[in-house]
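Engineer: input_24.pdb is the file, holding PDB, C-alpha atoms:
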ATOM      1  CA  ALA A   1     -79.367  48.670  22.854
ATOM      2  CA  TYR A   2     -80.498  45.051  22.590
ATOM      3  CA  VAL A   3     -77.835  42.913  24.264
ATOM      4  CA  VAL A   4     -76.937  39.273  23.739
ATOM      5  CA  VAL A   5     -74.821  37.893  26.586
ATOM      6  CA  ALA A   6     -72.706  34.885  25.562
ATOM      7  CA  ASP A   7     -70.933  33.013  28.338
ATOM      8  CA  ILE A   8     -69.797  29.455  29.013
ATOM      9  CA  ASN A   9     -71.094  29.766  32.586
ATOM     10  CA  ARG A  10     -74.875  29.745  32.736
ATOM     11  CA  GLU A  11     -75.087  31.274  36.223
ATOM     12  CA  ALA A  12     -72.862  34.222  35.327
ATOM     13  CA  GLY A  13     -74.574  34.754  31.981
ATOM     14  CA  GLU A  14     -78.092  34.689  33.370
ATOM     15  CA  GLU A  15     -77.156  37.037  36.217
ATOM     16  CA  THR A  16     -75.730  39.500  33.681
ATOM     17  CA  ARG A  17     -78.864  39.239  31.563
ATOM     18  CA  ASP A  18     -81.081  39.803  34.597
ATOM     19  CA  PHE A  19     -78.969  42.783  35.690
ATOM     20  CA  ILE A  20     -79.466  44.438  32.300
ATOM     21  CA  ILE A  21     -83.203  43.763  32.348
ATOM     22  CA  LYS A  22     -83.521  45.207  35.869
ATOM     23  CA  LYS A  23     -81.923  48.381  34.528
ATOM     24  CA  ASN A  24     -84.746  48.540  31.953
ATOM     25  CA  GLY A  25     -82.543  47.130  29.212
ATOM     26  CA  LYS A  26     -83.293  44.333  26.775
ATOM     27  CA  ALA A  27     -81.112  41.248  26.915
ATOM     28  CA  VAL A  28     -80.992  37.522  26.248
ATOM     29  CA  PHE A  29     -78.442  34.904  27.281
ATOM     30  CA  ILE A  30     -76.943  32.298  24.946
ATOM     31  CA  LYS A  31     -74.687  29.681  26.553
ATOM     32  CA  THR A  32     -71.503  29.627  24.475
ATOM     33  CA  ASP A  33     -68.096  27.967  24.620
ATOM     34  CA  VAL A  34     -66.005  30.071  22.235
ATOM     35  CA  ALA A  35     -63.487  27.242  21.917
ATOM     36  CA  LYS A  36     -66.144  25.291  20.000
ATOM     37  CA  GLU A  37     -66.761  26.362  16.423
ATOM     38  CA  GLU A  38     -70.352  25.153  16.422
ATOM     39  CA  ASP A  39     -71.135  27.268  19.502
ATOM     40  CA  CYS A  40     -69.766  30.395  17.782
ATOM     41  CA  ARG A  41     -71.824  29.682  14.673
ATOM     42  CA  ARG A  42     -74.944  29.057  16.764
ATOM     43  CA  LEU A  43     -74.401  32.298  18.727
ATOM     44  CA  ALA A  44     -74.518  34.352  15.531
ATOM     45  CA  GLU A  45     -77.486  32.460  14.106
ATOM     46  CA  GLU A  46     -79.573  32.652  17.290
ATOM     47  CA  THR A  47     -78.794  36.367  17.679
ATOM     48  CA  VAL A  48     -80.074  37.065  14.186
ATOM     49  CA  LYS A  49     -83.085  34.841  14.798
ATOM     50  CA  GLU A  50     -83.884  36.880  17.928
ATOM     51  CA  TYR A  51     -83.102  40.410  16.705
ATOM     52  CA  GLY A  52     -82.621  40.194  12.946
ATOM     53  CA  LYS A  53     -79.082  41.648  12.810
ATOM     54  CA  ILE A  54     -75.799  42.287  14.623
ATOM     55  CA  ASP A  55     -74.475  45.840  14.978
ATOM     56  CA  ILE A  56     -71.706  45.457  17.567
ATOM     57  CA  LEU A  57     -69.597  42.463  18.633
ATOM     58  CA  ILE A  58     -67.484  42.657  21.788
ATOM     59  CA  ASN A  59     -65.024  39.757  22.084
ATOM     60  CA  ASN A  60     -64.253  39.638  25.797
ATOM     61  CA  ALA A  61     -63.977  35.905  26.530
ATOM     62  CA  GLY A  62     -60.624  35.056  28.040
ATOM     63  CA  ILE A  63     -58.910  32.658  30.438
ATOM     64  CA  ALA A  64     -55.447  32.483  32.009
ATOM     65  CA  ASP A  65     -53.268  29.935  33.763
ATOM     66  CA  ALA A  66     -54.267  30.436  37.403
ATOM     67  CA  LYS A  67     -51.182  28.502  38.547
ATOM     68  CA  LYS A  68     -48.858  30.654  36.384
ATOM     69  CA  ALA A  69     -46.806  27.554  35.618
ATOM     70  CA  GLY A  70     -45.113  29.296  32.708
ATOM     71  CA  ILE A  71     -42.756  27.919  30.094
ATOM     72  CA  PHE A  72     -41.284  25.216  32.360
ATOM     73  CA  GLY A  73     -44.390  23.937  34.085
ATOM     74  CA  GLU A  74     -47.327  24.566  31.772
ATOM     75  CA  GLY A  75     -48.555  21.554  29.826
ATOM     76  CA  MET A  76     -49.340  21.850  26.136
ATOM     77  CA  GLU A  77     -52.997  20.998  26.782
ATOM     78  CA  GLU A  78     -53.348  24.064  29.013
ATOM     79  CA  PHE A  79     -51.401  26.234  26.552
ATOM     80  CA  ASP A  80     -53.630  25.128  23.678
ATOM     81  CA  ARG A  81     -56.793  25.723  25.734
ATOM     82  CA  ILE A  82     -55.795  29.333  26.483
ATOM     83  CA  ILE A  83     -54.962  30.030  22.840
ATOM     84  CA  SER A  84     -58.189  28.319  21.752
ATOM     85  CA  VAL A  85     -60.429  30.412  24.001
ATOM     86  CA  ASN A  86     -58.676  33.775  23.873
ATOM     87  CA  LEU A  87     -57.402  33.967  20.296
ATOM     88  CA  ARG A  88     -59.212  31.334  18.256
ATOM     89  CA  GLY A  89     -62.498  32.201  19.989
ATOM     90  CA  THR A  90     -62.114  35.863  19.039
ATOM     91  CA  PHE A  91     -61.548  34.881  15.420
ATOM     92  CA  MET A  92     -64.446  32.400  15.260
ATOM     93  CA  CYS A  93     -66.997  34.713  16.864
ATOM     94  CA  SER A  94     -65.989  37.429  14.425
ATOM     95  CA  LYS A  95     -66.025  35.015  11.472
ATOM     96  CA  TYR A  96     -69.619  33.946  12.092
ATOM     97  CA  CYS A  97     -70.999  37.347  13.133
ATOM     98  CA  VAL A  98     -69.523  39.396  10.281
ATOM     99  CA  PRO A  99     -71.880  37.999   7.591
ATOM    100  CA  PHE A 100     -74.791  39.502   9.559
ATOM    101  CA  MET A 101     -73.135  42.888  10.122
ATOM    102  CA  LYS A 102     -73.936  45.830   7.858
ATOM    103  CA  PRO A 103     -71.699  48.800   6.932
ATOM    104  CA  GLY A 104     -71.150  50.982   9.990
ATOM    105  CA  SER A 105     -71.039  48.021  12.370
ATOM    106  CA  SER A 106     -68.222  47.563  14.861
ATOM    107  CA  ILE A 107     -66.117  44.811  16.453
ATOM    108  CA  VAL A 108     -64.252  45.420  19.715
ATOM    109  CA  ASN A 109     -61.597  42.881  20.725
ATOM    110  CA  ILE A 110     -60.407  42.939  24.336
ATOM    111  CA  SER A 111     -56.645  42.419  24.370
ATOM    112  CA  SER A 112     -54.396  43.251  27.328
ATOM    113  CA  THR A 113     -51.300  45.196  28.304
ATOM    114  CA  ARG A 114     -49.741  41.714  28.525
ATOM    115  CA  ALA A 115     -49.581  41.826  24.721
ATOM    116  CA  PHE A 116     -46.891  44.509  24.949
ATOM    117  CA  MET A 117     -45.568  44.341  28.517
ATOM    118  CA  SER A 118     -45.537  40.821  29.944
ATOM    119  CA  GLU A 119     -45.109  39.366  33.412
ATOM    120  CA  PRO A 120     -43.156  36.227  34.336
ATOM    121  CA  GLU A 121     -44.852  32.868  33.764
ATOM    122  CA  THR A 122     -47.627  34.203  31.516
ATOM    123  CA  GLU A 123     -46.446  32.887  28.155
ATOM    124  CA  ALA A 124     -49.742  31.395  26.954
ATOM    125  CA  TYR A 125     -51.885  34.334  28.066
ATOM    126  CA  SER A 126     -49.438  36.915  26.687
ATOM    127  CA  ALA A 127     -49.191  35.065  23.373
ATOM    128  CA  SER A 128     -52.975  34.945  23.066
ATOM    129  CA  LYS A 129     -53.383  38.649  23.790
ATOM    130  CA  GLY A 130     -50.547  39.584  21.446
ATOM    131  CA  GLY A 131     -52.305  37.498  18.823
ATOM    132  CA  ILE A 132     -55.514  39.449  19.390
ATOM    133  CA  ALA A 133     -53.660  42.717  18.780
ATOM    134  CA  ALA A 134     -52.297  41.388  15.478
ATOM    135  CA  LEU A 135     -55.656  39.861  14.559
ATOM    136  CA  THR A 136     -57.367  43.191  15.196
ATOM    137  CA  HIS A 137     -55.058  45.006  12.799
ATOM    138  CA  SER A 138     -55.561  42.364  10.109
ATOM    139  CA  MET A 139     -59.337  42.315  10.528
ATOM    140  CA  ALA A 140     -59.485  46.113  10.418
ATOM    141  CA  VAL A 141     -57.804  46.045   7.014
ATOM    142  CA  SER A 142     -59.817  43.090   5.711
ATOM    143  CA  LEU A 143     -63.182  44.524   6.762
ATOM    144  CA  SER A 144     -62.505  48.139   5.820
ATOM    145  CA  GLU A 145     -64.066  47.595   2.388
ATOM    146  CA  LYS A 146     -67.272  46.541   4.136
ATOM    147  CA  ASN A 147     -67.035  49.640   6.379
ATOM    148  CA  ILE A 148     -66.962  47.452   9.490
ATOM    149  CA  ARG A 149     -64.650  48.956  12.122
ATOM    150  CA  VAL A 150     -62.429  46.704  14.226
ATOM    151  CA  ASN A 151     -60.780  48.060  17.380
ATOM    152  CA  SER A 152     -58.778  46.565  20.224
ATOM    153  CA  ILE A 153     -58.717  47.685  23.858
ATOM    154  CA  SER A 154     -55.709  46.723  26.007
ATOM    155  CA  PRO A 155     -56.544  47.279  29.695
ATOM    156  CA  GLY A 156     -54.272  46.433  32.603
ATOM    157  CA  TRP A 157     -55.400  44.836  35.847
ATOM    158  CA  ILE A 158     -59.142  45.291  36.378
ATOM    159  CA  ASP A 159     -60.861  44.999  39.749
ATOM    160  CA  VAL A 160     -63.858  42.768  39.000
ATOM    161  CA  SER A 161     -64.616  41.953  42.642
ATOM    162  CA  GLY A 162     -67.989  43.680  42.370
ATOM    163  CA  TRP A 163     -68.935  41.698  39.263
ATOM    164  CA  LYS A 164     -68.523  38.124  40.416
ATOM    165  CA  LYS A 165     -71.366  35.679  39.904
ATOM    166  CA  GLY A 166     -73.430  34.911  42.996
ATOM    167  CA  SER A 167     -71.707  31.645  43.934
ATOM    168  CA  GLY A 168     -68.259  33.231  43.549
ATOM    169  CA  LYS A 169     -68.662  36.281  45.765
ATOM    170  CA  GLU A 170     -67.209  34.489  48.801
ATOM    171  CA  LYS A 171     -63.992  33.753  46.923
ATOM    172  CA  SER A 172     -62.437  37.132  47.595
ATOM    173  CA  GLY A 173     -58.750  36.208  47.431
ATOM    174  CA  SER A 174     -58.252  37.503  43.911
ATOM    175  CA  ALA A 175     -60.116  40.706  44.714
ATOM    176  CA  ILE A 176     -57.858  41.330  47.724
ATOM    177  CA  PHE A 177     -54.827  40.712  45.521
ATOM    178  CA  LEU A 178     -56.066  43.172  42.937
ATOM    179  CA  ARG A 179     -56.605  45.895  45.507
ATOM    180  CA  LEU A 180     -52.915  45.677  46.414
ATOM    181  CA  ILE A 181     -51.848  46.484  42.865
ATOM    182  CA  SER A 182     -51.365  50.158  42.048
ATOM    183  CA  LEU A 183     -52.269  49.674  38.363
ATOM    184  CA  VAL A 184     -55.822  48.472  38.917
ATOM    185  CA  GLU A 185     -58.171  49.923  36.319
ATOM    186  CA  ASN A 186     -61.618  51.162  37.195
ATOM    187  CA  PHE A 187     -64.307  49.183  35.385
ATOM    188  CA  HIS A 188     -65.878  52.516  34.415
ATOM    189  CA  HIS A 189     -62.782  53.459  32.403
ATOM    190  CA  VAL A 190     -62.846  50.216  30.443
ATOM    191  CA  ARG A 191     -66.528  50.719  29.705
ATOM    192  CA  GLN A 192     -65.739  54.246  28.496
ATOM    193  CA  ARG A 193     -63.181  52.841  26.077
ATOM    194  CA  ALA A 194     -65.603  50.254  24.745
ATOM    195  CA  VAL A 195     -68.262  52.872  24.052
ATOM    196  CA  LEU A 196     -65.710  55.124  22.374
ATOM    197  CA  ALA A 197     -64.538  52.191  20.256
ATOM    198  CA  VAL A 198     -67.926  51.871  18.570
ATOM    199  CA  ALA A 199     -68.287  55.607  17.931
ATOM    200  CA  ASP A 200     -68.334  56.584  14.271
ATOM    201  CA  ASP A 201     -65.345  58.932  14.571
ATOM    202  CA  VAL A 202     -62.896  56.393  15.995
ATOM    203  CA  ARG A 203     -60.763  54.800  13.279
ATOM    204  CA  THR A 204     -57.503  53.680  14.875
ATOM    205  CA  PRO A 205     -57.432  49.913  15.534
ATOM    206  CA  PHE A 206     -55.689  50.168  18.921
ATOM    207  CA  LEU A 207     -57.307  51.974  21.845
ATOM    208  CA  ASP A 208     -54.914  52.152  24.784
ATOM    209  CA  LEU A 209     -56.888  55.145  25.910
ATOM    210  CA  GLY A 210     -56.232  57.481  28.778
ATOM    211  CA  ASP A 211     -58.743  60.009  30.053
ATOM    212  CA  GLY A 212     -59.470  62.790  27.608
ATOM    213  CA  VAL A 213     -57.734  61.260  24.589
ATOM    214  CA  PHE A 214     -60.638  62.198  22.372
ATOM    215  CA  GLY A 215     -61.519  65.314  24.318
ATOM    216  CA  ARG A 216     -64.833  63.899  25.482
ATOM    217  CA  GLU A 217     -66.340  61.335  27.774
ATOM    218  CA  ALA A 218     -68.018  58.355  26.206
ATOM    219  CA  ASP A 219     -71.773  58.679  26.245
ATOM    220  CA  LEU A 220     -73.907  55.567  26.533
ATOM    221  CA  GLY A 221     -76.199  57.371  24.142
ATOM    222  CA  ASP A 222     -73.618  56.473  21.498
ATOM    223  CA  LEU A 223     -75.168  53.008  21.664
ATOM    224  CA  GLU A 224     -78.405  53.835  19.922
ATOM    225  CA  HIS A 225     -81.534  51.959  20.973
ATOM    226  CA  ARG A 226     -81.695  50.169  17.635
ATOM    227  CA  ASN A 227     -78.240  48.570  18.040
ATOM    228  CA  VAL A 228     -77.896  44.834  18.660
ATOM    229  CA  VAL A 229     -74.829  44.250  20.819
ATOM    230  CA  VAL A 230     -73.311  40.779  21.229
ATOM    231  CA  VAL A 231     -71.068  40.573  24.290
ATOM    232  CA  VAL A 232     -68.938  37.420  24.423
ATOM    233  CA  ALA A 233     -67.780  37.192  28.024
ATOM    234  CA  ASP A 234     -65.942  34.911  30.391
ATOM    235  CA  ALA A 235     -67.215  33.862  33.798
ATOM    236  CA  VAL A 236     -66.038  35.782  36.870
TER
END
Spell out the structure here as structure tokens.
Structural biologist:
Amino acid sequence: AYVVVADINREAGEETRDFIIKKNGKAVFIKTDVAKEEDCRRLAEETVKEYGKIDILINNAGIADAKKAGIFGEGMEEFDRIISVNLRGTFMCSKYCVPFMKPGSSIVNISSTRAFMSEPETEAYSASKGGIAALTHSMAVSLSEKNIRVNSISPGWIDVSGWKKGSGKEKSGSAIFLRLISLVENFHHVRQRAVLAVADDVRTPFLDLGDGVFGREADLGDLEHRNVVVVVADAV
């Protein structure tokens, strides 16, 4: 696949691009703030300028309230920022990429178990992820006539300690916290779900997948070499 990495953090985005290239992949990095409409429009236009089309869009950009101030302590500016990045960003990236997507293309929106099973003091994040679940269902219906599939993946806690950008590797507090949680998801499992989501035989909008749901492991060969994949990510 030809990969476009979109990230607000240049260091993280360029490291991801370089990692893909070192694995003999093809990738470019486009600095993108998904909260800005012009950035989302430019991401789609520059992708098409580079590769001529868009086959797969993965909306993975997301932020949370690190202080977990919740309903009593969270300011409206912070609430609006989370909604703007997580939910509005997913919509805008899809809006500007869809015109360049042909029948058979696929959109994968990364939601969260917080959309259905919340924790205390996570109102903004939970609302944004619940919105993504609803948006996914609506988009799946709207784009069905164009034969563009839209799926949502709702993972739980994910240990990303091995995927931090270079300057963030010393900040291991969050990684230690994650290792203490029994519901940590292996990054491999989330990747499996994403690959399954773009397979031609997957039609359900919501993929809260366990092992063996489809009776097969996802094969990276499902991402054919001709595919142009746009991955909209957040910095870790």
Engineer: Near Thr136 of chain A, within 8 Å and counting only C-alpha atoms, which residues show up once chain neighbours fewer than 5 positions away are dropped, as a PyMOL selection string?
Structural biologist: chain A and resi 109+150-152+205
Engineer: Report as a PyMOL selection string all protein, DNA and RNA residues lying within 8 Å of segment 49-55 of chain A, evaluated on all atoms listed in the file, omitting residues in the same chain fewer than 2 positions from it.
Structural biologist: chain A and resi 2+45-47+57+97+100-102+104-106+227-230
Engineer: If I wrap all listed atoms of segment 65-79 of chain A in a box with edges along x, y and z and add 5 Å on each side, what are its centre and edge lengths in Å to one decimal, as AutoDock Vina command-line options?
Structural biologist:
--center_x -47.8 --center_y 25.8 --center_z 32.3 --size_x 23.0 --size_y 19.7 --size_z 22.4
Engineer: May I ask for the distance between atom CA of Arg88 of chain A and atom CA of Ser118 of chain A, given in Å to one decimal place?
Structural biologist: 20.3 Å
Engineer: Rank A:Val48, A:Met92, A:Val34, A:Ala124 by their smallest atom-to-atom distance to Glu77 of chain A, using only C-alpha atoms, and report the top residue only.
Structural biologist: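 Of the candidates, the smallest distance to Glu77 of chain A is held by A:Ala124.
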Engineer: Would you kindly translate the PyMOL selection byres ((chain A and resi 82) around 7) into the concrete residues it picks from this file, as an MDAnalysis selection string?
Structural biologist: chainID A and resid 63:64 78:81 83:86 124:125
Engineer: Can you pull out every residue within 10 Å of Ile30 of chain A, counting all atoms listed in the file, but drop anything in the same chain fewer than 6 positions away, and send it as a count of residues only?
Structural biologist: 18
Engineer: Just how far from atom CA of Gly62 of chain A is atom CA of Gly89 of chain A, in Å to one decimal?
Structural biologist: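 If I compute the distance from atom CA of Gly89 of chain A to atom CA of Gly62 of chain A, I get 8.7 Å.
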Engineer: Any chance you could resolve the PyMOL selection byres ((chain A and resi 140) around 12) against this file and give the residues as JSON, numbers by chain?
Structural biologist: {"A": [94, 105, 106, 107, 108, 109, 132, 133, 134, 135, 136, 137, 138, 139, 141, 142, 143, 144, 145, 146, 147, 148, 149, 150, 151, 152, 203, 204, 205, 206]}
Engineer: Given the file shown, enumerate the residues that the PyMOL selection byres ((chain A and resi 156) around 6) captures and present them as a list in words.
Structural biologist: Thr113, Pro155 and Trp157 of chain A
Engineer: Could you take the residues named above and write them with C-alpha atoms, as a PDB file, in the coordinates of the input?
Structural biologist:
ATOM      1  CA  THR A 113     -51.300  45.196  28.304  1.00  0.00           C
ATOM      2  CA  PRO A 155     -56.544  47.279  29.695  1.00  0.00           C
ATOM      3  CA  TRP A 157     -55.400  44.836  35.847  1.00  0.00           C
TER       4      TRP A 157
END
Engineer: Interatomic distance between atom CA of Arg114 of chain A and atom CA of Gly131 of chain A?
Structural biologist: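 Distance between the two atoms: 10.9 Å.
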